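Peer 1: Pasting in a structure now, in structure tokens, and then I'll have a few things to ask.
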Amino acid sequence: MTKENFNVTGMSCSACSARVEKAVGKIVGAENVSVNLLTNSMQVKFDEATVSAAQIVDAVINAGYGASPKKISAQIKTPERTIDGEIDAMKFRLKWSIIFLLPTIYIAMHNLLPLATPQIVTELFDGRANAVTFAFAQFLLILPIMYLNRKYYVNGFKTLLAGAPNMDSLVGLGSMSAAMFGAFALIRIGQGLGTGNFQLVDEYSRNLYFESAGMIVTLITVGKFFEARAKGKTSQAVEKLMNLAPKTATVLRGNVEVTIPVEELIIGDEVIVKPGESFAADGVIVDGSTTVDESAITGESLPVEKIIGSNVTSGTINQSGCVKFRAVKVGGETTISKIIALVEEASASKAPIAKTADKVAGVFVPAVIVISIVAGSFWLINGAGVEFAFSIAVSILVISCPCALGLATPVAIMVGTGKGAENGILIKSGEALETAHAIDTVVVDKTGTLTEGKPFVTNIITCSVDEQTLIEIAATLENRSEHPLAQAVTTFATDKKISPRSAENFQAVFGKGVRGVIDGVECFAGNENFLSELGFKLDGLHEKIQSLAAEGKTPIIFARGEKILGIIAAADVEKKNSAQAVAEFKNLGIDVIMLTGDNERTAQAVANRLGIEKIVAGVLPEHKAREIERLQAQGRKVAMIGDGINDAPALAKADVGIAIGAGTDVAIESADAILVRNDLLDAVSAIKLSRAVMTNIKQNLFWAFFYNVICIPLAAGIFYPTFGLKLSPMIGAAAMSMSSLCVVMNALRLRMFKVNRSITSDETPRNVEVRVENLQTEIFKEAIQMQTTLKIEGMMCKHCQKHVHDALAKMDGVTDVEVSLENNSATVTATREISLDDFAKVIDDAGYELVR
């Protein structure tokens with residue numbers, strides 16, 4: 001199955017989109033057909049082995065509309081503002097329609113105006129003798145109006161004859177009926193004058209309806225013009241993104257700077273970016289440093305510092321220094337290209353709630369035509385004049401247009417997804433946007449989502465030295481280690497502006513710790529077991545070590561020589577916004593559950609700090625999706641928030657999967673929404689945005705339905721016998737135009753939606769509080785005696801025996817040596833563990849050989 005987008009032309013209301021969906025949906029092999037009236041586009045999922053894109057296009061054409069495949073460009077180009085062309089065309093039609101309409105109205109109604117009528121007007125148009133001139137002048141003036149707005153007649157009657165009437169059918173029928181009635185009246189006036197039947201002349205002179213014929217299409221065009229201008233604002237978010245990307249890039253080719261179009265960039269190109277210019281691709285800085293404005297992509301207002309090795313994103317703006325970066329992703333693979341494609345697809349998608357509106361619209365227009373005929377016939381049968389019955393029928397036709405119904409959903413979705421994109425919240429589809437508003441349970445992965453995903457120093461506990469000395473020795477020992485805990489210590493020392501010294505004989509003991517010689521004294525760092533094995537008695541620290549572990553922290557114990565220096569604890573700390581995000585979810589009435597593969601003690605410690613009441617710990621990656629299923633089986637609507645590969649199945653299984661933007665591509669592909677800024681508060685904003693959009697859609701649908709429920713009976717004359725209320729076709733046309741405009745303007749209110757922002761300072765890099773304690777106690781190594789028996793070759797006499805004894809006795813920590821010439825062996829007693837390699841070196845230097 002493949003998914004393809006198509007451009008669809010000729011649609012004017014939701015009845016059109018319903019007609020196109022129905023036509024394509026009948027094709028064997030085509031499914032998930034979604035037609036968007038706002039963007040004049042269609043998404044179809046189809047089996048290429050069964051049906052081709054050409055067959056889909058033919059089905060649309062046979063339904064009375066135009067279609068063509070729409071390929072997403074691999075390059076970033078300036079958007080083609082087709083809406084601008086539509087607006088210009090409407091402006092032209094509207095201007096000339098008004099120019100011809102005003103004299104038509106003046107001729108028809110000059111006697112009703114509270115102004116003195118010029119004599120020439122009276123001489124030309126007033127009185128029975130001028131009845132034909134009066135009617136024929138109006139007829140001539142509306143012909144240009146009807147020609148300028150001929151699309152209503154051409155499209156309307158074409159779809160009517162195809163058995164699928166739409167908005168144009170209603171407008172075309174109403175306007176054409178008024179014009180034809182006027183033409184008929186003109187003939188009857190001529191007959192009356194010819195036969196001397198002045199009563200006939202007077203009757204039809206008062207009921208020409210030529211001005212209504214011109215007014216209907218002109219007012220509809222006024223509404224469409226303002227509607228198009230408003231609709232043009234809905235896509236501004238995407239256009240801003242597209243306009244961010246530069247059209248050219250300065251690259252180094254053979255050590256020469258060359259300016260090329262961005263389409264010619266290839267992976268590996270070295271691109272030079274000067275202050276004020278945009279990055280043309282995703283890449284890595286290889287020379288220089290700068291600050292970059294990433295607000296358009298991430299929504300983050302503060303500039304971000306970039307140095308050699310930093311990643312840069314296409315479309316972001318270089319603010320200060322001149323830098324050179326190596327292109328890693330170009331063309332359609334860049335971040336900004338993917339964001340644009342994702343937002344365009346989401347804007348063109350259809351939410352499930354729209355299907356109800358489309359179904360209604362599919363039968364609405366035929367029903368309106370029937371109501372119009374029945375109402376007109378009813379009044380005619382019950383003794384009303386022909387002009388009264390005709391006015392009723394035409395008013396129903398032009399006031400009942402389902403434009404507002406068709407626009408209610410897509411404009412809100414387009415504005416909502418665009419607003420999300422402006423703030424780094426990328427929602428992939430209208431369906432996801434709708435589903436998110438019903439979420440009642442949020443499952444959040446711990447590592448990398450609630451927490452930073454790497455350890456930071458959280459506690460400094462000194463025993464026999466001051467804080468600076470402990471940090472200095474810790475940084476010196478850990479400086480050569482690549483363990484994440486070691487990096488946490490060295491990063492902390494750097495932040496404190498404490499530089500490490502040099503360490504000799506560095507040795508990493510797997511799973512335990514490290515050791516090395518600093519200023520001639522051996523130093524150690526490691527876990528409780530490692531230091532105990534070295535002979536340190538840690539009973540006085542055991543309770544503190546257990547307390548730190550209970551808080552989800554990892555304690556590292558440091559010692560120098562015979563003395564414990566202190567403890568440095570590190571932990572994967574919570575992001576600065578996590579607690580606020582959890583509180584915001586609770587305020588929305590959403591349960592928060594933390595899901596993690598960590599042990600329950602660590603998970604509970606994090607949950608307690610964040611205010612999370614429910615945790616599921618010790619979950620294997622393959623079982624995360626099972627936990628989502630379990631919650632869904634309880635009837636919950638579940639959102640999953642995660643960032644890793646092991647989160648992908650759970651993201652896909654959840655009702656709404658939300659991927660942290662800094663996570664893996666696999667997680668992002670599996671998700672329904674992506675948080676570019678890597679901020680959990682944006683997940684709160686995504687759900688709030690969904691609720692705002694759904695509220696807006698429901699408001700739009702309510703007013704669209706309510707408008708028709710009120711206006712159709714009013715136009716049918718139900719209130720005329722009692723209250724004397726009756727709508728003219730002109731007022732009906734104006735009301736219809738206003739209804740569509742109101743729906744679009746209501747949707748545009750979503751542009752004022754405010755995303756959640758952190759209550760903490762932006763200058764705070766992370767939520768790490770380092771606690772410093774002094775235990776005011778000294779802990780020493782226990783006096784231990786270790787005996788090692790060595791087999792030695794090459795000893796021949798007493799002198800040899802003495803050489804070996806003296807060499808071994810000089811070793812650090814050795815307290816006693818007994819050498820046996822008979823057994824060619826030596827028994828060494830020491831206060832520390834000495835490796836065979838150290839023994840071998842000493843014996844070899846003495847001129848003998850250690851047998852291993």
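Residue numbering restarts at 1 in every chain; chains get A, B, ... in the order shown in the structure tokens, and ligands count up from 1 in that same order.
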Identify, with DSSP run on backbone atoms, the residues in stretch 391-616 of chain A assigned to strand (DSSP E or B), and express the list as a ChimeraX atom specification.

Peer 2: /A:425-427,441-445,451-462,504-509,513-518,521-526,536,554-560,563-574,591-595,614-616

Peer 1: Extract the full set of alpha helix (DSSP H) residues from stretch 424-564 of chain A according to DSSP on the backbone, and format it as a PyMOL selection string.

Peer 2: chain A and resi 430-436+467-478+484-495+528-533+539-550

Peer 1: So that I can see what lies close to A:Ile142, please list as a ChimeraX atom specification the residues with an atom at most 9 Å from it, counting only C-alpha atoms and leaving out residues fewer than 4 positions away in the same chain.

Peer 2: /A:97,100-101,104,137-138,146-147,179,210-211,213-214

Peer 1: Point out the residue among A:Leu208, A:Val509, A:Ile413, A:Ala245 with the least atom-to-atom distance to A:Phe530, counting only C-alpha atoms.

Peer 2: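 Under the stated criterion, the closest residue is A:Val509.
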
Peer 1: For stretch 807-816 of chain A, find every residue with an atom within 7 Å (counting only C-alpha atoms), except residues of its own chain fewer than 6 positions away, and show them as a VMD selection string.

Peer 2: chain A and resid 828 to 832 842 846

Peer 1: Can you tell me which residues surround stretch 475-483 of chain A at a distance of at most 9 Å, considering only C-alpha atoms, apart from same-chain residues fewer than 5 positions away, and format the answer as a list in words?

Peer 2: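 Neighbouring residues, sequence-local ones excluded: Leu470, Ala488, Val489, Thr490, Thr491, Phe492, Ala493, Thr494, Ile498, Ser499, Pro500, Arg501, Ser502, Ala503, Phe506, Ala508, Val514, Arg515, Gly516, Val517, Ile518, Cys523, Phe524 and Ala525 of chain A.
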